[in-house]
Amino acid sequence: QLQLVESGGELVQPGGSLRLSCAASGFTLDAYAIGWFRQAPGKEREGVSCITRGASSAHYADSLKGRFTISRDDAKNTVYLQMNSLKPEDTAVYYCAAVRTVLPICGLTIARYNYWGPGTQVTVSS
């Protein structure tokens, strides 16, 4: 059974950092583009970042560039999201998602992703 599981979410103070992990089981991630998405209370789910198969490129939501960094370790079947300089508006449930691709491409369109994790809560508050 193909599964994604996020971890690393917690309560952090403004200005702090967190690293989220997305671990896959039941399949290997190397043929998949991986995206991170988030959903804040009362808001729609939005794209945060994605990384292509082979890690040839990554993309970020414009508002997050420079603070968040996505990476992947296919040997560990895990993708990471490093989040720095966190703000209260970053509070949300963060989800990772996967889509199998032939080419090294990725995007932040939710509907293109087939597999989703259950999410991990990130709360930024003093």
# chains A, B, ... in the order shown; residues from 1 in each chain; ligands from 1
$ residues_around --residues "Val48 (chain A)" --least-positions-apart "4" --cutoff "8 Å" --atoms "only C-alpha atoms" --output "ChimeraX atom specification"
/A:35-38,60-61,64,108
$ residues_around --residues "Ser126 (chain A)" --least-positions-apart "6" --cutoff "12 Å" --atoms "only C-alpha atoms" --output "list of chain:residue names"
A:Leu11, A:Val12, A:Gln13, A:Pro14, A:Gly15, A:Gly16, A:Leu86, A:Lys87, A:Pro88, A:Thr91
$ residues_around --residues "Asp30 (chain A)" --least-positions-apart "6" --cutoff "7 Å" --atoms "only C-alpha atoms" --output "list in words"
Arg53, Gly54 and Asp74 of chain A
$ residues_around --residues "Ala58 (chain A)" --least-positions-apart "3" --cutoff "12 Å" --atoms "only C-alpha atoms" --output "PyMOL selection string"
chain A and resi 33-36+48-55+61+65+68-72+79+81+104-108
$ closest_residue --among "A:Leu18, A:Thr120, A:Tyr32, A:Gln1" --to "Tyr95 (chain A)" --atoms "only C-alpha atoms"
A:Thr120
$ atom_distance --atom1 "CA of Glu46 (chain A)" --atom2 "CA of Val99 (chain A)"
16.5 Å
$ closest_residue --among "A:Leu20, A:Ala31, A:Leu4, A:Val93" --to "Gly119 (chain A)" --atoms "only C-alpha atoms"
A:Val93
$ closest_residue --among "A:Gln39, A:Thr109, A:Ser85, A:Ser56" --to "Gln121 (chain A)" --atoms "only C-alpha atoms"
A:Gln39
$ select_by_dssp --residues "region 64-96 of chain A" --states "strand (DSSP E)" --output "VMD selection string"
chain A and resid 68 to 73 78 to 83 92 to 96
$ atom_distance --atom1 "CA of Tyr113 (chain A)" --atom2 "CA of Asp62 (chain A)"
20.1 Å
